[in-house]
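What follows is the content of run.cif, which has mmCIF, C-alpha atoms:
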data_protein
#
loop_
_atom_site.label_atom_id
_atom_site.label_comp_id
_atom_site.auth_asym_id
_atom_site.auth_seq_id
_atom_site.Cartn_x
_atom_site.Cartn_y
_atom_site.Cartn_z
CA MET T 1 -43.84 128.46 -62.35
CA PRO T 2 -40.47 128.96 -63.99
CA GLU T 3 -37.42 127.15 -62.65
CA ILE T 4 -34.78 129.39 -61.14
CA PRO T 5 -31.56 128.41 -62.88
CA ARG T 6 -28.20 130.13 -62.62
CA LYS T 7 -27.27 132.86 -65.04
CA LYS T 8 -30.51 133.15 -66.93
CA ILE T 9 -32.29 136.22 -68.15
CA GLY T 10 -36.06 136.54 -67.80
CA LEU T 11 -37.87 137.88 -70.87
CA ILE T 12 -41.22 139.60 -70.39
CA ALA T 13 -43.31 140.41 -73.46
CA CYS T 14 -46.19 142.83 -73.18
CA SER T 15 -48.19 140.73 -75.70
CA GLY T 16 -50.45 143.75 -76.23
CA GLU T 17 -53.53 142.36 -77.95
CA GLU T 18 -54.63 145.72 -79.35
CA LEU T 19 -51.49 146.45 -81.37
CA ALA T 20 -49.44 144.66 -84.00
CA GLU T 21 -46.38 145.67 -81.99
CA GLY T 22 -47.69 143.49 -79.14
CA THR T 23 -47.58 140.50 -81.44
CA VAL T 24 -44.04 141.45 -82.41
CA THR T 25 -43.02 141.27 -78.73
CA ARG T 26 -44.33 137.71 -78.50
CA ARG T 27 -42.71 136.52 -81.70
CA ALA T 28 -39.38 138.15 -80.84
CA VAL T 29 -39.30 136.73 -77.32
CA ARG T 30 -40.16 133.24 -78.55
CA ARG T 31 -37.45 133.52 -81.21
CA VAL T 32 -34.84 134.33 -78.57
CA LEU T 33 -36.08 131.58 -76.27
CA GLU T 34 -36.31 128.88 -78.91
CA THR T 35 -33.45 129.70 -81.27
CA LEU T 36 -31.13 132.59 -80.48
CA ARG T 37 -30.40 132.14 -76.76
CA PRO T 38 -32.22 129.01 -75.57
CA ASP T 39 -29.65 128.26 -72.85
CA ASP T 40 -29.59 131.79 -71.46
CA THR T 41 -33.22 132.85 -71.29
CA VAL T 42 -36.61 131.99 -69.84
CA THR T 43 -39.93 133.71 -70.43
CA LEU T 44 -42.02 135.18 -67.66
CA CYS T 45 -45.75 135.67 -68.06
CA LEU T 46 -46.69 139.31 -67.46
CA PRO T 47 -50.29 138.73 -66.25
CA LEU T 48 -49.04 136.24 -63.67
CA PHE T 49 -47.44 139.13 -61.76
CA LEU T 50 -50.97 140.29 -61.03
CA ALA T 51 -52.60 136.88 -60.83
CA GLY T 52 -50.36 135.76 -58.00
CA GLY T 53 -47.50 134.07 -59.79
CA GLU T 54 -45.01 134.11 -56.94
CA GLY T 55 -42.50 132.27 -59.14
CA GLU T 56 -42.58 135.11 -61.64
CA ARG T 57 -42.25 137.76 -58.96
CA ALA T 58 -39.40 135.95 -57.23
CA PHE T 59 -37.49 135.40 -60.45
CA ALA T 60 -37.71 139.05 -61.42
CA ARG T 61 -36.57 140.09 -57.93
CA HIS T 62 -33.43 137.97 -58.02
CA TYR T 63 -32.50 137.67 -61.69
CA PRO T 64 -32.08 140.22 -64.47
CA THR T 65 -35.04 140.68 -66.75
CA ILE T 66 -35.62 142.30 -70.12
CA ALA T 67 -39.03 143.89 -70.67
CA VAL T 68 -40.16 143.93 -74.29
CA ASP T 69 -42.97 146.38 -74.92
CA GLY T 70 -44.90 147.26 -78.01
CA CYS T 71 -45.57 150.90 -77.29
CA ALA T 72 -44.61 153.81 -75.08
CA LYS T 73 -47.05 152.77 -72.35
CA GLN T 74 -44.47 150.09 -71.49
CA CYS T 75 -46.86 147.83 -69.60
CA ALA T 76 -44.29 145.05 -69.28
CA ALA T 77 -41.53 147.25 -67.88
CA LEU T 78 -43.75 149.20 -65.51
CA ALA T 79 -45.77 146.23 -64.29
CA THR T 80 -42.60 144.23 -63.67
CA GLU T 81 -41.24 147.08 -61.58
CA LYS T 82 -44.58 147.53 -59.80
CA TYR T 83 -44.95 143.90 -58.78
CA SER T 84 -41.36 142.77 -58.53
CA ALA T 85 -38.24 144.72 -59.49
CA ARG T 86 -37.09 147.13 -62.18
CA PRO T 87 -36.08 145.29 -65.38
CA ALA T 88 -32.37 145.35 -66.18
CA ALA T 89 -33.22 146.40 -69.74
CA ALA T 90 -36.28 147.68 -71.55
CA ILE T 91 -36.95 147.44 -75.27
CA VAL T 92 -39.78 149.24 -77.07
CA VAL T 93 -40.77 147.79 -80.43
CA ARG T 94 -42.13 151.04 -81.78
CA GLU T 95 -38.76 152.71 -81.31
CA ILE T 96 -37.02 149.96 -83.27
CA ALA T 97 -39.76 150.16 -85.92
CA ASP T 98 -39.06 153.86 -86.30
CA GLU T 99 -35.30 153.28 -86.47
CA THR T 100 -35.68 150.59 -89.11
CA LYS T 101 -38.50 152.39 -90.95
CA GLN T 102 -40.85 149.42 -90.62
CA THR T 103 -44.10 150.99 -89.56
CA ALA T 104 -46.78 149.21 -91.62
CA ILE T 105 -46.34 145.80 -90.00
CA GLY T 106 -49.75 144.17 -90.27
CA THR T 107 -52.22 143.56 -87.47
CA ALA T 108 -52.15 142.10 -84.00
CA ARG T 109 -53.70 138.96 -85.44
CA LYS T 110 -51.38 138.61 -88.40
CA LEU T 111 -48.07 140.32 -89.05
CA ASN T 112 -47.05 141.00 -92.63
CA GLU T 113 -43.55 140.55 -94.06
CA ALA T 114 -42.40 143.85 -92.57
CA GLY T 115 -43.77 142.75 -89.20
CA LEU T 116 -41.87 139.48 -89.39
CA ARG T 117 -38.66 141.36 -90.29
CA LEU T 118 -39.26 143.71 -87.38
CA SER T 119 -39.74 140.72 -85.06
CA GLU T 120 -36.37 139.42 -86.16
CA ALA T 121 -34.72 142.80 -85.55
CA VAL T 122 -36.29 142.98 -82.08
CA ALA T 123 -35.17 139.43 -81.32
CA GLU T 124 -31.60 140.34 -82.27
CA ARG T 125 -31.79 143.36 -79.98
CA ILE T 126 -33.05 141.22 -77.09
CA ALA T 127 -30.28 138.69 -77.65
CA ALA T 128 -27.67 141.46 -77.63
CA GLU T 129 -29.06 142.86 -74.38
CA ALA T 130 -29.05 139.39 -72.85
CA ASP T 131 -25.40 138.93 -73.82
CA LEU T 132 -24.50 142.26 -72.24
CA LEU T 133 -26.33 141.40 -69.03
CA LEU T 134 -24.75 137.98 -68.76
CA LYS T 135 -21.27 139.43 -69.27
CA LYS T 136 -22.02 142.06 -66.66
CA LYS T 137 -23.29 139.44 -64.29
CA SER T 138 -20.18 137.31 -64.81
CA ARG T 139 -17.97 140.30 -64.00
CA GLU T 140 -19.92 140.90 -60.79
CA ARG T 141 -19.03 137.44 -59.49
CA MET Q 1 -75.54 153.71 -77.93
CA ILE Q 2 -74.84 150.19 -76.75
CA ARG Q 3 -71.22 149.58 -75.90
CA LYS Q 4 -69.09 146.81 -77.30
CA VAL Q 5 -68.55 143.97 -74.85
CA PRO Q 6 -64.93 143.95 -73.66
CA VAL Q 7 -63.12 140.67 -74.27
CA VAL Q 8 -59.82 139.95 -72.58
CA PRO Q 9 -57.72 136.94 -73.60
CA CYS Q 10 -54.86 135.59 -71.56
CA SER Q 11 -51.39 136.60 -72.73
CA GLY Q 12 -49.88 133.18 -72.14
CA ILE Q 13 -46.66 132.91 -74.07
CA GLY Q 14 -45.51 129.47 -72.99
CA LYS Q 15 -48.26 127.14 -74.15
CA SER Q 16 -50.50 126.56 -77.15
CA LEU Q 17 -53.67 126.94 -75.11
CA GLY Q 18 -52.73 130.51 -74.24
CA ALA Q 19 -52.05 131.23 -77.88
CA ALA Q 20 -55.44 129.71 -78.75
CA ALA Q 21 -57.10 132.00 -76.20
CA ARG Q 22 -55.49 135.00 -77.85
CA GLU Q 23 -56.47 133.84 -81.34
CA ALA Q 24 -60.03 133.17 -80.13
CA ALA Q 25 -60.35 136.79 -79.08
CA PHE Q 26 -59.34 137.90 -82.57
CA VAL Q 27 -61.75 135.46 -84.24
CA LEU Q 28 -64.53 136.74 -82.01
CA SER Q 29 -63.88 140.45 -82.43
CA GLU Q 30 -62.93 140.41 -86.12
CA ASP Q 31 -64.92 137.55 -87.67
CA LEU Q 32 -67.86 136.51 -85.48
CA ARG Q 33 -69.03 139.61 -83.60
CA PRO Q 34 -67.11 142.63 -84.91
CA GLY Q 35 -69.98 144.96 -84.02
CA ASP Q 36 -70.49 143.69 -80.49
CA ALA Q 37 -67.12 142.67 -79.06
CA LYS Q 38 -63.88 144.52 -78.50
CA VAL Q 39 -60.50 143.17 -77.40
CA VAL Q 40 -58.92 144.89 -74.41
CA ALA Q 41 -55.25 144.20 -73.77
CA LEU Q 42 -54.58 142.30 -70.57
CA GLY Q 43 -51.20 143.98 -70.10
CA LEU Q 44 -52.94 147.34 -69.79
CA LEU Q 45 -55.19 145.96 -67.05
CA VAL Q 46 -52.19 144.47 -65.26
CA LEU Q 47 -50.52 147.86 -65.29
CA GLY Q 48 -53.73 149.59 -64.19
CA ASP Q 49 -54.08 151.79 -67.27
CA GLU Q 50 -56.99 154.15 -66.68
CA ASP Q 51 -58.40 154.00 -70.22
CA ALA Q 52 -58.42 150.22 -70.19
CA ARG Q 53 -60.02 150.14 -66.74
CA ARG Q 54 -62.76 152.45 -67.94
CA GLU Q 55 -63.50 150.04 -70.79
CA VAL Q 56 -64.22 147.18 -68.41
CA ALA Q 57 -65.25 148.73 -65.09
CA GLY Q 58 -68.84 148.38 -63.96
CA GLY Q 59 -70.13 146.14 -66.74
CA ALA Q 60 -70.05 142.57 -67.94
CA ALA Q 61 -66.93 141.34 -69.70
CA VAL Q 62 -65.63 138.11 -71.20
CA ALA Q 63 -62.38 136.46 -70.13
CA ILE Q 64 -60.80 133.85 -72.39
CA ASP Q 65 -58.17 131.96 -70.44
CA GLY Q 66 -55.74 129.29 -71.55
CA CYS Q 67 -55.06 127.69 -68.19
CA LYS Q 68 -56.49 127.31 -64.72
CA LEU Q 69 -54.54 130.26 -63.36
CA GLU Q 70 -57.17 132.41 -65.11
CA CYS Q 71 -55.03 135.51 -65.52
CA ALA Q 72 -57.54 137.21 -67.82
CA ALA Q 73 -60.41 136.72 -65.37
CA LYS Q 74 -58.24 137.96 -62.51
CA GLY Q 75 -57.16 140.96 -64.54
CA LEU Q 76 -60.80 141.83 -65.17
CA GLU Q 77 -61.68 141.36 -61.53
CA ASN Q 78 -58.82 143.62 -60.50
CA ALA Q 79 -59.96 146.25 -63.00
CA GLY Q 80 -63.46 146.37 -61.55
CA ALA Q 81 -65.54 144.43 -64.07
CA ALA Q 82 -69.00 143.98 -62.55
CA GLU Q 83 -69.50 140.55 -64.04
CA ILE Q 84 -66.94 138.22 -65.58
CA ARG Q 85 -68.10 135.49 -67.91
CA LYS Q 86 -65.44 132.94 -68.61
CA VAL Q 87 -64.39 130.86 -71.56
CA ALA Q 88 -61.82 128.28 -70.50
CA VAL Q 89 -59.81 127.00 -73.44
CA PHE Q 90 -58.63 124.10 -71.30
CA ASP Q 91 -62.28 123.03 -71.03
CA VAL Q 92 -63.01 123.67 -74.69
CA VAL Q 93 -60.18 121.34 -75.70
CA ARG Q 94 -61.72 118.59 -73.56
CA LYS Q 95 -64.92 118.89 -75.58
CA HIS Q 96 -62.91 118.49 -78.78
CA ARG Q 97 -60.70 115.58 -77.89
CA GLY Q 98 -59.41 115.03 -81.38
CA LEU Q 99 -57.66 118.39 -81.44
CA LYS Q 100 -53.91 118.49 -80.74
CA PRO Q 101 -53.01 122.18 -80.64
CA GLU Q 102 -49.34 123.00 -81.11
CA GLY Q 103 -47.30 126.16 -81.52
CA VAL Q 104 -47.36 129.53 -79.82
CA CYS Q 105 -46.61 132.20 -82.41
CA ASP Q 106 -47.94 130.06 -85.22
CA LEU Q 107 -50.71 127.74 -84.12
CA ASN Q 108 -51.17 124.57 -86.14
CA GLN Q 109 -54.51 123.77 -87.80
CA ASP Q 110 -55.82 122.07 -84.66
CA GLY Q 111 -54.85 125.12 -82.62
CA LEU Q 112 -56.75 127.36 -84.99
CA ALA Q 113 -59.77 125.03 -84.86
CA LEU Q 114 -59.63 125.13 -81.07
CA ALA Q 115 -59.50 128.92 -81.16
CA ARG Q 116 -62.54 128.96 -83.43
CA ALA Q 117 -64.45 126.68 -81.04
CA ALA Q 118 -63.54 128.90 -78.08
CA ALA Q 119 -64.55 131.99 -80.05
CA GLU Q 120 -67.94 130.46 -80.87
CA GLU Q 121 -68.49 129.80 -77.18
CA ALA Q 122 -67.50 133.39 -76.44
CA ALA Q 123 -69.85 134.66 -79.18
CA ARG Q 124 -72.82 133.00 -77.48
CA ILE Q 125 -71.86 134.75 -74.25
CA VAL Q 126 -71.51 138.09 -76.02
CA ASP Q 127 -74.98 137.62 -77.52
CA GLU Q 128 -76.40 137.02 -74.06
CA ILE Q 129 -74.73 140.11 -72.65
CA VAL Q 130 -75.89 142.27 -75.55
CA ALA Q 131 -79.46 140.99 -75.18
CA GLU Q 132 -79.43 141.64 -71.43
CA GLU Q 133 -77.99 145.12 -71.81
CA SER Q 134 -80.49 145.94 -74.56
CA ARG Q 135 -83.36 145.04 -72.25
CA ALA Q 136 -81.95 147.06 -69.34
#

Full structure transcribed into structure tokens:
Amino acid sequence: MPEIPRKKIGLIACSGEELAEGTVTRRAVRRVLETLRPDDTVTLCLPLFLAGGEGERAFARHYPTIAVDGCAKQCAALATEKYSARPAAAIVVREIADETKQTAIGTARKLNEAGLRLSEAVAERIAAEADLLLKKKSRER
Amino acid sequence: MIRKVPVVPCSGIGKSLGAAAREAAFVLSEDLRPGDAKVVALGLLVLGDEDARREVAGGAAVAIDGCKLECAAKGLENAGAAEIRKVAVFDVVRKHRGLKPEGVCDLNQDGLALARAAAEEAARIVDEIVAEESRA
């Protein structure tokens, strides 16, 4: 169960095992958590919303979250809203892949160089969204 | 035509055992039993995606979970799988005490070995399911 600290953003990756973009969500979220914004973010486990993770549900009800999805089905964003509360921001990897023209990114099991670059671009996008949300949250106080 | 057995790994993003569960599903479906097993994304089951539910509903399926919360098994149960056969990576690691899995996005060699061991366990289960469904 995640701790509930002050001023943290919850990151929810879809992790989609059928698509390379799902792997990108995992890598990007871990990159933000471990390196880019370690003091400002936590990760929430998407399947725990269904499996009874009350900590996950409570966090997403009371703190801003960013859903990071691989494809337009947006499992992370929609499931977060279904079980807890609407995410404050939603990022779709495939949209960023189209913008950055990185479409051949490897497989779900192993990303290629383009997939790793895309992960970095997605991580930067998540970090930027987190910064915006934290500023917004500070202004609300 | 005999269907491919659906295999659902946990999507754990915080610990190496979850990552090993995910990797095990890929080893199983791509290396060990590509003709008999198919990975179904857990996130789709959590959301209630109709196509994913159809893949698993009414038949036997394999859950590969990283921890005792068993999200993959619960996802399959929620989606209507008739029978859920479980591979618990946290039990597999106990059988291979020398392994020290580390990493999430990039498992170390021990993590990959653990995933292989879990996949081999899952392959035996897939073989049983295929044999049973062939007889039916």

Quiz item: For chain T, which residues have at least one atom within 10 Å of chain Q, if we go by only C-alpha atoms? Write them as a VMD selection string, please.
Solution: chain T and resid 12 to 19 22 to 24 26 to 31 42 to 53 69 73 to 80 82 to 83 108 to 110

Exercise. Pull out every residue that the PyMOL selection byres ((chain Q and resi 129) around 12) matches in the shown coordinates and put them as JSON, numbers by chain.
Key: {"Q": [2, 3, 4, 5, 6, 7, 36, 37, 59, 60, 61, 62, 83, 84, 85, 122, 123, 124, 125, 126, 127, 128, 130, 131, 132, 133, 134, 135, 136]}

Quiz item: What gap, in Å, lies between CA of Gln102 in chain T and CA of Ala123 in chain T?
Solution: 14.8 Å

Self-check item: Expansion of the PyMOL selection byres ((chain T and resi 122) around 10) into residues, as a ChimeraX atom specification
Solution: /T:24-25,27-29,31-32,68,91-94,96-97,116-121,123-128

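Excluding His62 in chain T and any residue on its chain fewer than 3 positions from it, the residues at most 10 Å away by all atoms listed in the file are Ile4, Arg57, Ala58, Phe59, Thr65, Ser84 and Ala85 of chain T.
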
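As for CA of Leu32 in chain Q and CA of Glu120 in chain Q, they are spaced 7.6 Å apart.
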
Practice problem: Could you expand the PyMOL selection byres ((chain Q and resi 66) around 8) into the explicit residues it covers here, written as number ranges by chain? | Solution: Q: 10, 12, 17-21, 64-65, 67-68, 70, 88-90

Quiz prompt | For Ala88 in chain T, the nearest of the candidates T:Gly115, T:Gly10, T:Gly106, T:Pro64, counting only C-alpha atoms | solution = T:Pro64

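Distance-wise, CA of Glu21 in chain T and CA of Ile66 in chain T end up 16.4 Å apart.
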
For range 73-91 of chain Q, where the input has fewer atoms than it should, I would like N, CA and C atoms rebuilt and written as a PDB file, in the coordinates of the input.
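What landed in part-v1.pdb:
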ATOM      1  N   ALA Q  73     -59.288 136.500 -66.295  1.00  0.00           N
ATOM      2  CA  ALA Q  73     -60.410 136.720 -65.370  1.00  0.00           C
ATOM      3  C   ALA Q  73     -59.944 137.534 -64.160  1.00  0.00           C
ATOM      4  N   LYS Q  74     -58.755 137.213 -63.663  1.00  0.00           N
ATOM      5  CA  LYS Q  74     -58.240 137.960 -62.510  1.00  0.00           C
ATOM      6  C   LYS Q  74     -57.916 139.401 -62.878  1.00  0.00           C
ATOM      7  N   GLY Q  75     -57.429 139.601 -64.071  1.00  0.00           N
ATOM      8  CA  GLY Q  75     -57.160 140.960 -64.540  1.00  0.00           C
ATOM      9  C   GLY Q  75     -58.438 141.776 -64.604  1.00  0.00           C
ATOM     10  N   LEU Q  76     -59.509 141.141 -65.092  1.00  0.00           N
ATOM     11  CA  LEU Q  76     -60.800 141.830 -65.170  1.00  0.00           C
ATOM     12  C   LEU Q  76     -61.344 142.129 -63.779  1.00  0.00           C
ATOM     13  N   GLU Q  77     -61.200 141.169 -62.901  1.00  0.00           N
ATOM     14  CA  GLU Q  77     -61.680 141.360 -61.530  1.00  0.00           C
ATOM     15  C   GLU Q  77     -60.939 142.538 -60.884  1.00  0.00           C
ATOM     16  N   ASN Q  78     -59.642 142.554 -61.067  1.00  0.00           N
ATOM     17  CA  ASN Q  78     -58.820 143.620 -60.500  1.00  0.00           C
ATOM     18  C   ASN Q  78     -59.171 144.992 -61.077  1.00  0.00           C
ATOM     19  N   ALA Q  79     -59.631 144.987 -62.334  1.00  0.00           N
ATOM     20  CA  ALA Q  79     -59.960 146.250 -63.000  1.00  0.00           C
ATOM     21  C   ALA Q  79     -61.377 146.713 -62.710  1.00  0.00           C
ATOM     22  N   GLY Q  80     -62.131 145.917 -61.962  1.00  0.00           N
ATOM     23  CA  GLY Q  80     -63.460 146.370 -61.550  1.00  0.00           C
ATOM     24  C   GLY Q  80     -64.609 145.959 -62.438  1.00  0.00           C
ATOM     25  N   ALA Q  81     -64.413 144.926 -63.258  1.00  0.00           N
ATOM     26  CA  ALA Q  81     -65.540 144.430 -64.070  1.00  0.00           C
ATOM     27  C   ALA Q  81     -66.643 143.957 -63.131  1.00  0.00           C
ATOM     28  N   ALA Q  82     -67.899 144.335 -63.444  1.00  0.00           N
ATOM     29  CA  ALA Q  82     -69.000 143.980 -62.550  1.00  0.00           C
ATOM     30  C   ALA Q  82     -69.345 142.501 -62.659  1.00  0.00           C
ATOM     31  N   GLU Q  83     -69.164 141.958 -63.834  1.00  0.00           N
ATOM     32  CA  GLU Q  83     -69.500 140.550 -64.040  1.00  0.00           C
ATOM     33  C   GLU Q  83     -68.505 139.971 -65.044  1.00  0.00           C
ATOM     34  N   ILE Q  84     -67.928 138.835 -64.701  1.00  0.00           N
ATOM     35  CA  ILE Q  84     -66.940 138.220 -65.580  1.00  0.00           C
ATOM     36  C   ILE Q  84     -67.469 136.878 -66.056  1.00  0.00           C
ATOM     37  N   ARG Q  85     -67.655 136.770 -67.350  1.00  0.00           N
ATOM     38  CA  ARG Q  85     -68.100 135.490 -67.910  1.00  0.00           C
ATOM     39  C   ARG Q  85     -66.900 134.838 -68.588  1.00  0.00           C
ATOM     40  N   LYS Q  86     -66.709 133.591 -68.250  1.00  0.00           N
ATOM     41  CA  LYS Q  86     -65.440 132.940 -68.610  1.00  0.00           C
ATOM     42  C   LYS Q  86     -65.572 131.925 -69.725  1.00  0.00           C
ATOM     43  N   VAL Q  87     -64.583 131.952 -70.603  1.00  0.00           N
ATOM     44  CA  VAL Q  87     -64.390 130.860 -71.560  1.00  0.00           C
ATOM     45  C   VAL Q  87     -63.036 130.254 -71.219  1.00  0.00           C
ATOM     46  N   ALA Q  88     -63.052 128.960 -70.891  1.00  0.00           N
ATOM     47  CA  ALA Q  88     -61.820 128.280 -70.500  1.00  0.00           C
ATOM     48  C   ALA Q  88     -61.369 127.402 -71.657  1.00  0.00           C
ATOM     49  N   VAL Q  89     -60.280 127.777 -72.290  1.00  0.00           N
ATOM     50  CA  VAL Q  89     -59.810 127.000 -73.440  1.00  0.00           C
ATOM     51  C   VAL Q  89     -59.440 125.586 -73.013  1.00  0.00           C
ATOM     52  N   PHE Q  90     -58.980 125.453 -71.770  1.00  0.00           N
ATOM     53  CA  PHE Q  90     -58.630 124.100 -71.300  1.00  0.00           C
ATOM     54  C   PHE Q  90     -59.866 123.219 -71.154  1.00  0.00           C
ATOM     55  N   ASP Q  91     -61.035 123.814 -71.005  1.00  0.00           N
ATOM     56  CA  ASP Q  91     -62.280 123.030 -71.030  1.00  0.00           C
ATOM     57  C   ASP Q  91     -62.757 122.797 -72.451  1.00  0.00           C
TER      58      ASP Q  91
END
